[in-house]
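J.: Following this line is data-v1.pdb, made up of PDB, C-alpha atoms:
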ATOM      1  CA  MET A  22      46.399  68.501  12.231  1.00  0.00           C
ATOM      2  CA  ASP A  23      43.406  70.829  11.972  1.00  0.00           C
ATOM      3  CA  ILE A  24      41.866  69.330   8.846  1.00  0.00           C
ATOM      4  CA  HIS A  25      38.124  68.824   8.822  1.00  0.00           C
ATOM      5  CA  ASN A  26      35.731  67.169   6.387  1.00  0.00           C
ATOM      6  CA  THR A  27      32.630  69.355   6.540  1.00  0.00           C
ATOM      7  CA  ASN A  28      30.516  66.754   4.766  1.00  0.00           C
ATOM      8  CA  GLU A  29      30.887  64.545   7.848  1.00  0.00           C
ATOM      9  CA  ASP A  30      28.983  67.178   9.808  1.00  0.00           C
ATOM     10  CA  LEU A  31      26.240  67.296   7.174  1.00  0.00           C
ATOM     11  CA  VAL A  32      25.868  63.515   7.153  1.00  0.00           C
ATOM     12  CA  PHE A  33      25.850  63.149  10.945  1.00  0.00           C
ATOM     13  CA  GLU A  34      23.290  65.931  11.359  1.00  0.00           C
ATOM     14  CA  SER A  35      21.081  64.693   8.496  1.00  0.00           C
ATOM     15  CA  VAL A  36      21.045  61.084   9.722  1.00  0.00           C
ATOM     16  CA  GLN A  37      20.062  62.154  13.227  1.00  0.00           C
ATOM     17  CA  THR A  38      17.323  64.442  11.876  1.00  0.00           C
ATOM     18  CA  ILE A  39      15.876  61.847   9.492  1.00  0.00           C
ATOM     19  CA  PHE A  40      15.945  59.038  12.050  1.00  0.00           C
ATOM     20  CA  ASP A  41      14.340  61.253  14.696  1.00  0.00           C
ATOM     21  CA  GLU A  42      11.627  62.359  12.244  1.00  0.00           C
ATOM     22  CA  ILE A  43      10.849  58.736  11.363  1.00  0.00           C
ATOM     23  CA  GLN A  44      10.617  57.892  15.042  1.00  0.00           C
ATOM     24  CA  SER A  45       8.368  60.863  15.865  1.00  0.00           C
ATOM     25  CA  SER A  46       6.023  59.975  12.965  1.00  0.00           C
ATOM     26  CA  GLY A  47       5.398  56.533  14.464  1.00  0.00           C
ATOM     27  CA  ASN A  48       7.882  54.681  12.230  1.00  0.00           C
ATOM     28  CA  PRO A  49       5.232  53.225   9.858  1.00  0.00           C
ATOM     29  CA  GLU A  50       7.872  51.172   7.972  1.00  0.00           C
ATOM     30  CA  LYS A  51       9.058  49.620  11.259  1.00  0.00           C
ATOM     31  CA  TYR A  52      12.700  50.483  10.605  1.00  0.00           C
ATOM     32  CA  CYS A  53      15.286  49.677  13.255  1.00  0.00           C
ATOM     33  CA  LEU A  54      16.460  53.098  14.437  1.00  0.00           C
ATOM     34  CA  CYS A  55      19.020  51.958  16.996  1.00  0.00           C
ATOM     35  CA  TYR A  56      22.444  53.509  17.476  1.00  0.00           C
ATOM     36  CA  GLN A  57      24.135  50.725  15.498  1.00  0.00           C
ATOM     37  CA  CYS A  58      21.893  51.194  12.459  1.00  0.00           C
ATOM     38  CA  ARG A  59      22.459  54.949  12.636  1.00  0.00           C
ATOM     39  CA  ILE A  60      26.242  54.674  12.472  1.00  0.00           C
ATOM     40  CA  ASP A  61      26.013  52.003   9.745  1.00  0.00           C
ATOM     41  CA  THR A  62      23.846  54.387   7.720  1.00  0.00           C
ATOM     42  CA  ILE A  63      26.359  57.178   8.337  1.00  0.00           C
ATOM     43  CA  CYS A  64      29.214  54.980   7.085  1.00  0.00           C
ATOM     44  CA  TYR A  65      27.202  53.936   4.018  1.00  0.00           C
ATOM     45  CA  THR A  66      26.534  57.583   3.140  1.00  0.00           C
ATOM     46  CA  LEU A  67      30.062  58.874   3.795  1.00  0.00           C
ATOM     47  CA  ASN A  68      31.538  56.148   1.588  1.00  0.00           C
ATOM     48  CA  ARG A  69      29.458  57.432  -1.344  1.00  0.00           C
ATOM     49  CA  ILE A  70      30.039  61.173  -1.255  1.00  0.00           C
ATOM     50  CA  GLU A  71      33.196  63.162  -1.942  1.00  0.00           C
ATOM     51  CA  PRO A  72      34.820  64.693   1.134  1.00  0.00           C
ATOM     52  CA  ASN A  73      35.068  68.487   1.451  1.00  0.00           C
ATOM     53  CA  TYR A  74      38.087  69.446   3.537  1.00  0.00           C
ATOM     54  CA  ILE A  75      38.825  72.805   5.146  1.00  0.00           C
ATOM     55  CA  VAL A  76      41.732  74.003   7.289  1.00  0.00           C
ATOM     56  CA  SER A  77      40.470  77.430   8.386  1.00  0.00           C
ATOM     57  CA  ASN A  78      37.416  79.533   9.147  1.00  0.00           C
ATOM     58  CA  ARG A  79      37.937  81.171   5.732  1.00  0.00           C
ATOM     59  CA  GLY A  80      37.341  77.811   4.081  1.00  0.00           C
ATOM     60  CA  PHE A  81      34.190  77.350   6.132  1.00  0.00           C
ATOM     61  CA  THR A  82      32.958  80.780   5.048  1.00  0.00           C
ATOM     62  CA  ARG A  83      33.428  79.914   1.381  1.00  0.00           C
ATOM     63  CA  ILE A  84      31.334  76.783   1.860  1.00  0.00           C
ATOM     64  CA  GLU A  85      28.559  78.749   3.519  1.00  0.00           C
ATOM     65  CA  GLN A  86      28.517  81.233   0.616  1.00  0.00           C
ATOM     66  CA  ALA A  87      28.160  78.485  -2.023  1.00  0.00           C
ATOM     67  CA  SER A  88      24.504  77.981  -1.104  1.00  0.00           C
ATOM     68  CA  LEU A  89      23.314  76.372  -4.367  1.00  0.00           C
ATOM     69  CA  LYS A  90      26.069  73.773  -4.311  1.00  0.00           C
ATOM     70  CA  ARG A  91      25.400  73.108  -0.648  1.00  0.00           C
ATOM     71  CA  GLN A  92      21.691  72.565  -1.341  1.00  0.00           C
ATOM     72  CA  GLN A  93      22.551  69.987  -3.999  1.00  0.00           C
ATOM     73  CA  ILE A  94      24.963  68.216  -1.650  1.00  0.00           C
ATOM     74  CA  GLU A  95      22.309  68.121   1.075  1.00  0.00           C
ATOM     75  CA  ALA A  96      19.771  66.685  -1.386  1.00  0.00           C
ATOM     76  CA  ASP A  97      22.246  64.004  -2.508  1.00  0.00           C
ATOM     77  CA  ILE A  98      23.023  63.160   1.102  1.00  0.00           C
ATOM     78  CA  THR A  99      19.332  62.814   1.972  1.00  0.00           C
ATOM     79  CA  THR A 100      18.796  60.421  -0.958  1.00  0.00           C
ATOM     80  CA  LEU A 101      21.785  58.311   0.106  1.00  0.00           C
ATOM     81  CA  ILE A 102      20.645  58.227   3.731  1.00  0.00           C
ATOM     82  CA  TYR A 103      17.232  56.796   2.846  1.00  0.00           C
ATOM     83  CA  LYS A 104      18.845  54.235   0.543  1.00  0.00           C
ATOM     84  CA  GLY A 105      21.386  53.350   3.218  1.00  0.00           C
ATOM     85  CA  LEU A 106      18.669  53.069   5.887  1.00  0.00           C
ATOM     86  CA  ARG A 107      16.775  50.515   3.806  1.00  0.00           C
ATOM     87  CA  LEU A 108      19.906  48.495   2.998  1.00  0.00           C
ATOM     88  CA  VAL A 109      21.145  48.544   6.590  1.00  0.00           C
ATOM     89  CA  ASN A 110      17.758  47.350   7.838  1.00  0.00           C
ATOM     90  CA  HIS A 111      17.729  44.594   5.225  1.00  0.00           C
ATOM     91  CA  ASN A 112      21.175  43.411   6.362  1.00  0.00           C
ATOM     92  CA  MET A 113      21.297  44.258  10.059  1.00  0.00           C
ATOM     93  CA  ARG A 114      24.474  43.290  11.899  1.00  0.00           C
ATOM     94  CA  PRO A 115      23.836  39.969  13.682  1.00  0.00           C
ATOM     95  CA  THR A 116      26.477  40.832  16.300  1.00  0.00           C
ATOM     96  CA  ALA A 117      24.685  44.013  17.455  1.00  0.00           C
ATOM     97  CA  PRO A 118      21.755  43.980  19.947  1.00  0.00           C
ATOM     98  CA  HIS A 119      19.960  46.790  18.023  1.00  0.00           C
ATOM     99  CA  ASP A 120      18.759  48.381  21.229  1.00  0.00           C
ATOM    100  CA  GLY A 121      21.854  50.440  21.998  1.00  0.00           C
ATOM    101  CA  SER A 122      22.999  48.211  24.859  1.00  0.00           C
ATOM    102  CA  GLY A 123      26.008  46.840  22.998  1.00  0.00           C
ATOM    103  CA  ILE A 124      27.707  50.186  22.392  1.00  0.00           C
ATOM    104  CA  SER A 125      29.936  51.428  25.173  1.00  0.00           C
ATOM    105  CA  ALA A 126      31.765  54.745  25.249  1.00  0.00           C
ATOM    106  CA  TYR A 127      33.992  53.601  28.112  1.00  0.00           C
ATOM    107  CA  LYS A 128      33.517  56.794  30.055  1.00  0.00           C
ATOM    108  CA  SER A 129      35.128  56.289  33.409  1.00  0.00           C
ATOM    109  CA  LEU A 130      36.365  58.324  36.360  1.00  0.00           C
ATOM    110  CA  ASN A 131      39.383  56.025  36.469  1.00  0.00           C
ATOM    111  CA  PRO A 132      42.436  56.241  34.209  1.00  0.00           C
ATOM    112  CA  MET A 133      42.634  53.526  31.581  1.00  0.00           C
ATOM    113  CA  PHE A 134      45.202  51.846  29.358  1.00  0.00           C
ATOM    114  CA  ASP A 135      44.051  52.429  25.787  1.00  0.00           C
ATOM    115  CA  ILE A 136      45.053  49.453  23.643  1.00  0.00           C
ATOM    116  CA  PRO A 137      45.529  50.265  19.947  1.00  0.00           C
ATOM    117  CA  THR A 138      43.931  48.270  17.167  1.00  0.00           C
ATOM    118  CA  ILE A 139      45.886  45.104  16.401  1.00  0.00           C
ATOM    119  CA  ALA A 140      46.080  43.877  12.812  1.00  0.00           C
ATOM    120  CA  GLY A 141      47.893  41.180  10.878  1.00  0.00           C
ATOM    121  CA  ARG A 142      47.757  38.582   8.135  1.00  0.00           C
ATOM    122  CA  ILE A 143      47.925  34.781   8.102  1.00  0.00           C
ATOM    123  CA  PHE A 144      49.121  32.706   5.166  1.00  0.00           C
ATOM    124  CA  ASN A 145      49.196  29.007   4.361  1.00  0.00           C
ATOM    125  CA  GLY A 146      52.832  28.063   4.965  1.00  0.00           C
ATOM    126  CA  ALA A 147      52.709  25.362   2.277  1.00  0.00           C
ATOM    127  CA  SER A 148      51.093  27.324  -0.576  1.00  0.00           C
ATOM    128  CA  PHE A 149      51.766  30.915   0.643  1.00  0.00           C
ATOM    129  CA  GLU A 150      48.124  31.752  -0.095  1.00  0.00           C
ATOM    130  CA  PRO A 151      46.064  33.930   2.274  1.00  0.00           C
ATOM    131  CA  VAL A 152      44.029  31.857   4.708  1.00  0.00           C
ATOM    132  CA  SER A 153      40.233  32.098   5.113  1.00  0.00           C
ATOM    133  CA  GLY A 154      37.560  30.076   6.857  1.00  0.00           C
ATOM    134  CA  ILE A 155      39.270  29.976  10.264  1.00  0.00           C
ATOM    135  CA  ASP A 156      38.756  31.767  13.586  1.00  0.00           C
ATOM    136  CA  VAL A 157      41.567  33.875  15.048  1.00  0.00           C
ATOM    137  CA  PHE A 158      41.598  34.483  18.810  1.00  0.00           C
ATOM    138  CA  LEU A 159      43.276  37.345  20.691  1.00  0.00           C
ATOM    139  CA  TYR A 160      44.389  36.765  24.280  1.00  0.00           C
ATOM    140  CA  CYS A 161      45.804  39.240  26.813  1.00  0.00           C
ATOM    141  CA  GLU A 162      47.731  37.889  29.788  1.00  0.00           C
ATOM    142  CA  GLY A 163      46.305  34.449  28.989  1.00  0.00           C
ATOM    143  CA  GLU A 164      42.651  35.545  28.914  1.00  0.00           C
ATOM    144  CA  LEU A 165      40.393  36.085  25.902  1.00  0.00           C
ATOM    145  CA  ILE A 166      40.113  39.878  25.794  1.00  0.00           C
ATOM    146  CA  ALA A 167      36.877  41.822  25.253  1.00  0.00           C
ATOM    147  CA  MET A 168      36.564  44.153  22.282  1.00  0.00           C
ATOM    148  CA  ARG A 169      35.807  47.903  22.265  1.00  0.00           C
ATOM    149  CA  ASN A 170      32.217  47.372  21.094  1.00  0.00           C
ATOM    150  CA  SER A 171      29.985  44.917  19.246  1.00  0.00           C
ATOM    151  CA  ASN A 172      31.352  45.994  15.846  1.00  0.00           C
ATOM    152  CA  TRP A 173      34.612  44.224  16.682  1.00  0.00           C
ATOM    153  CA  GLN A 174      34.614  40.477  17.352  1.00  0.00           C
ATOM    154  CA  ASN A 175      36.924  38.114  19.198  1.00  0.00           C
ATOM    155  CA  PRO A 176      37.364  35.540  17.740  1.00  0.00           C
ATOM    156  CA  PHE A 177      37.730  37.104  14.308  1.00  0.00           C
ATOM    157  CA  ASN A 178      36.373  34.922  11.509  1.00  0.00           C
ATOM    158  CA  MET A 179      38.569  35.183   8.431  1.00  0.00           C
ATOM    159  CA  VAL A 180      36.466  35.285   5.252  1.00  0.00           C
ATOM    160  CA  PRO A 181      37.370  35.270   1.526  1.00  0.00           C
ATOM    161  CA  SER A 182      36.414  38.950   1.106  1.00  0.00           C
ATOM    162  CA  THR A 183      39.330  39.949   3.359  1.00  0.00           C
ATOM    163  CA  PRO A 184      41.817  37.180   2.480  1.00  0.00           C
ATOM    164  CA  GLY A 185      44.372  36.513   5.152  1.00  0.00           C
ATOM    165  CA  ALA A 186      43.653  39.689   7.147  1.00  0.00           C
ATOM    166  CA  PHE A 187      42.432  39.996  10.736  1.00  0.00           C
ATOM    167  CA  SER A 188      42.013  42.912  13.143  1.00  0.00           C
ATOM    168  CA  PHE A 189      41.023  43.563  16.753  1.00  0.00           C
ATOM    169  CA  TRP A 190      40.285  46.668  18.844  1.00  0.00           C
ATOM    170  CA  PRO A 191      40.531  45.624  22.506  1.00  0.00           C
ATOM    171  CA  ALA A 192      38.540  47.352  25.210  1.00  0.00           C
ATOM    172  CA  PRO A 193      40.578  49.723  27.399  1.00  0.00           C
ATOM    173  CA  ILE A 194      41.983  48.280  30.605  1.00  0.00           C
ATOM    174  CA  THR A 195      41.403  50.055  33.937  1.00  0.00           C
ATOM    175  CA  ALA A 196      44.481  51.473  35.660  1.00  0.00           C
ATOM    176  CA  ASP A 197      45.099  52.578  39.257  1.00  0.00           C
ATOM    177  CA  VAL A 198      46.835  55.868  38.421  1.00  0.00           C
ATOM    178  CA  PRO A 199      47.434  57.936  35.270  1.00  0.00           C
ATOM    179  CA  ASP A 200      50.680  58.320  33.314  1.00  0.00           C
ATOM    180  CA  ILE A 201      51.908  54.789  33.943  1.00  0.00           C
ATOM    181  CA  THR A 202      53.371  52.870  30.993  1.00  0.00           C
ATOM    182  CA  LYS A 203      52.906  49.123  31.055  1.00  0.00           C
ATOM    183  CA  GLU A 204      53.679  46.255  28.700  1.00  0.00           C
ATOM    184  CA  PHE A 205      50.880  43.782  28.131  1.00  0.00           C
ATOM    185  CA  MET A 206      51.482  40.229  26.905  1.00  0.00           C
ATOM    186  CA  PHE A 207      49.208  39.357  23.991  1.00  0.00           C
ATOM    187  CA  SER A 208      48.917  36.227  21.909  1.00  0.00           C
ATOM    188  CA  ILE A 209      47.262  35.278  18.632  1.00  0.00           C
ATOM    189  CA  LYS A 210      45.905  31.724  18.612  1.00  0.00           C
ATOM    190  CA  VAL A 211      44.433  29.580  15.856  1.00  0.00           C
ATOM    191  CA  LYS A 212      42.961  26.119  16.265  1.00  0.00           C
ATOM    192  CA  SER A 213      41.603  24.433  13.154  1.00  0.00           C
ATOM    193  CA  PRO A 214      41.400  20.799  12.021  1.00  0.00           C
ATOM    194  CA  ASP A 215      42.861  21.939   8.694  1.00  0.00           C
ATOM    195  CA  TYR A 216      46.056  23.367  10.198  1.00  0.00           C
ATOM    196  CA  GLU A 217      48.613  22.881  12.932  1.00  0.00           C
ATOM    197  CA  PRO A 218      47.899  25.039  16.029  1.00  0.00           C
ATOM    198  CA  LEU A 219      49.328  28.565  15.923  1.00  0.00           C
ATOM    199  CA  ASN A 220      50.445  30.540  18.993  1.00  0.00           C
ATOM    200  CA  HIS A 221      52.120  33.893  18.384  1.00  0.00           C
ATOM    201  CA  PHE A 222      53.134  35.972  21.430  1.00  0.00           C
ATOM    202  CA  PHE A 223      53.898  39.705  21.442  1.00  0.00           C
ATOM    203  CA  HIS A 224      53.968  42.735  23.746  1.00  0.00           C
ATOM    204  CA  VAL A 225      52.009  45.982  23.447  1.00  0.00           C
ATOM    205  CA  SER A 226      52.911  49.070  25.496  1.00  0.00           C
ATOM    206  CA  ALA A 227      50.212  51.439  26.709  1.00  0.00           C
ATOM    207  CA  THR A 228      50.114  54.495  28.974  1.00  0.00           C
ATOM    208  CA  SER A 229      47.250  55.054  31.397  1.00  0.00           C
ATOM    209  CA  LYS A 230      45.187  58.190  30.777  1.00  0.00           C
ATOM    210  CA  PHE A 231      41.846  59.634  31.807  1.00  0.00           C
ATOM    211  CA  HIS A 232      40.795  60.207  28.194  1.00  0.00           C
ATOM    212  CA  ASN A 233      40.579  57.373  25.699  1.00  0.00           C
ATOM    213  CA  PRO A 234      40.058  57.786  21.929  1.00  0.00           C
ATOM    214  CA  GLN A 235      36.574  56.806  20.811  1.00  0.00           C
ATOM    215  CA  SER A 236      37.342  56.430  17.110  1.00  0.00           C
ATOM    216  CA  TYR A 237      39.530  54.094  15.129  1.00  0.00           C
ATOM    217  CA  ALA A 238      42.750  55.562  13.649  1.00  0.00           C
ATOM    218  CA  LEU A 239      45.195  53.959  11.226  1.00  0.00           C
ATOM    219  CA  ASN A 240      48.152  55.668  12.890  1.00  0.00           C
ATOM    220  CA  ARG A 241      47.300  53.900  16.144  1.00  0.00           C
ATOM    221  CA  THR A 242      47.394  50.401  14.715  1.00  0.00           C
ATOM    222  CA  PHE A 243      49.824  47.794  16.076  1.00  0.00           C
ATOM    223  CA  LYS A 244      50.792  45.765  13.010  1.00  0.00           C
ATOM    224  CA  LEU A 245      52.004  42.206  13.455  1.00  0.00           C
ATOM    225  CA  PRO A 246      54.457  40.466  11.131  1.00  0.00           C
ATOM    226  CA  ASP A 247      52.922  38.059   8.618  1.00  0.00           C
ATOM    227  CA  LEU A 248      52.085  34.727  10.258  1.00  0.00           C
ATOM    228  CA  TYR A 249      52.114  31.277   8.641  1.00  0.00           C
ATOM    229  CA  ILE A 250      50.163  28.145   9.485  1.00  0.00           C
ATOM    230  CA  PHE A 251      50.741  24.693   8.016  1.00  0.00           C
ATOM    231  CA  PRO A 252      48.474  21.763   7.142  1.00  0.00           C
ATOM    232  CA  PRO A 253      48.807  18.799   9.533  1.00  0.00           C
ATOM    233  CA  GLY A 254      52.095  16.973   9.017  1.00  0.00           C
ATOM    234  CA  GLU A 255      53.491  19.595   6.642  1.00  0.00           C
ATOM    235  CA  VAL A 256      56.139  20.762   9.119  1.00  0.00           C
ATOM    236  CA  GLU A 257      57.444  17.217   9.668  1.00  0.00           C
ATOM    237  CA  MET A 258      57.593  16.623   5.899  1.00  0.00           C
ATOM    238  CA  ASN A 259      59.823  19.708   5.476  1.00  0.00           C
ATOM    239  CA  ASP A 260      62.210  18.769   8.317  1.00  0.00           C
TER     240      ASP A 260
END
Will you turn the file into structure tokens for me?
T.:
Amino acid sequence: MDIHNTNEDLVFESVQTIFDEIQSSGNPEKYCLCYQCRIDTICYTLNRIEPNYIVSNRGFTRIEQASLKRQQIEADITTLIYKGLRLVNHNMRPTAPHDGSGISAYKSLNPMFDIPTIAGRIFNGASFEPVSGIDVFLYCEGELIAMRNSNWQNPFNMVPSTPGAFSFWPAPITADVPDITKEFMFSIKVKSPDYEPLNHFFHVSATSKFHNPQSYALNRTFKLPDLYIFPPGEVEMND
């Protein structure tokens, strides 16, 4: 659908301009201006402003005519960007290299199988409470699979702020020719001294293409059924 949030354009353009100006001025505050910190600042800003959607060039024209409102929006965006820049630098992602080397666009002359995001939930089979404090591993064809970029980890550490939920976005897999559909065998594995081992196997179909999506989309998420793990000995006690 041709729906566009014009404030995304404003935020992207403003972040790039501000970061480039800081860099050209010698960066006296010694901010990290890497690609990762730029997109984190963009996300921070977008999460704090209302979207402005249009579906036609007429809608775009109306926005351009509302100059006073646009100036206020741009001022609010600038304020949020500077606040986001400081917060992002204070809490930089430990999984990112902060030099741009960890971000890959996966541009290739070869066709590739684009694997969708994979998401699910794990519960304690004895108490039915969401599980946290464990690592969840994603395997493909028996091998631990690499993720799309450094923002996605494998294993995924389940924390209390996202109780019971895990997600992965595997890197695309190179194919020999385009337009081939293939089923890949995946497995979710959990090993923890607090629970019995978990191994859940499933298949994901993918079609090889020359173009692969570079952004996450909810409608391309492969959702797993709820999984349950049990404390040691709990299964035998219930038999």
J.: Given the point (49.2, 31.6, 4.1) in the file's coordinates, find the residues that have an atom at most 10 Å from it, counting only C-alpha atoms, and give them as a list in words.
T.: Arg142, Ile143, Phe144, Asn145, Gly146, Ala147, Ser148, Phe149, Glu150, Pro151, Val152, Ser153, Pro184, Gly185, Asp247, Leu248, Tyr249, Ile250 and Phe251 of chain A
J.: Counting only C-alpha atoms, which residue out of A:Pro132, A:Pro72, A:Pro137, A:Pro118 sits closest to His224 of chain A?
T.: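 For His224 of chain A, the nearest of the given residues is A:Pro137.
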J.: Between A:Leu67, A:Thr228, A:Ile155, A:Arg107, which one has atoms that come closest to Ala186 of chain A, using all atoms listed in the file?
T.: A:Ile155
J.: Since I can't run it myself right now, could you work out what the PyMOL selection byres ((chain A and resi 71) around 12) selects here and report it as a ChimeraX atom specification?
T.: /A:26-29,32,66-70,72-74,94,97-98
J.: List every protein, DNA or RNA residue with an atom no more than 12 Å from (20.8, 54.9, 0.4) in the file's coordinates, counting all atoms listed in the file, and format the result as a PyMOL selection string.
T.: chain A and resi 36+61-70+96-111
J.: Between atom CA of Phe40 of chain A and atom CA of Ala117 of chain A, what is the distance in Å, rounded to a tenth?
T.: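 Answer for the atom CA of Phe40 of chain A to atom CA of Ala117 of chain A separation: 18.2 Å.
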J.: When you count all atoms listed in the file, which of these residues is closest to Phe205 of chain A: A:Thr138, A:Asn175, A:Asn112, A:Ser226?
T.: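 Under the stated criterion, the closest residue is A:Ser226.
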J.: Quick one, how far is atom CA of Pro246 of chain A from atom CA of Ala140 of chain A?
T.: 9.2 Å
J.: Between atom CA of Arg59 of chain A and atom CA of Thr183 of chain A, what distance in Å does the model show, to one decimal?
T.: 24.4 Å
J.: Evaluate the PyMOL selection byres ((chain A and resi 202) around 12) here and jot the selected residues down as a PyMOL selection string.
T.: chain A and resi 132-136+196-201+203-205+225-230
J.: Point out the residue among A:Gly254, A:Asp41, A:Cys161, A:Pro176 with the least atom-to-atom distance to Lys212 of chain A, counting only C-alpha atoms.
T.: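 Counting only C-alpha atoms, the residue closest to Lys212 of chain A is A:Pro176.
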J.: Counting only C-alpha atoms, which residue out of A:Leu165, A:Ile24, A:Leu31, A:Val157 sits closest to Lys210 of chain A?
T.: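 That would be A:Val157, the residue with the smallest distance to Lys210 of chain A.
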J.: Expanded to explicit residues, what is the PyMOL selection byres ((chain A and resi 191) around 6) for this file, as a PyMOL selection string?
T.: chain A and resi 167-169+190+192
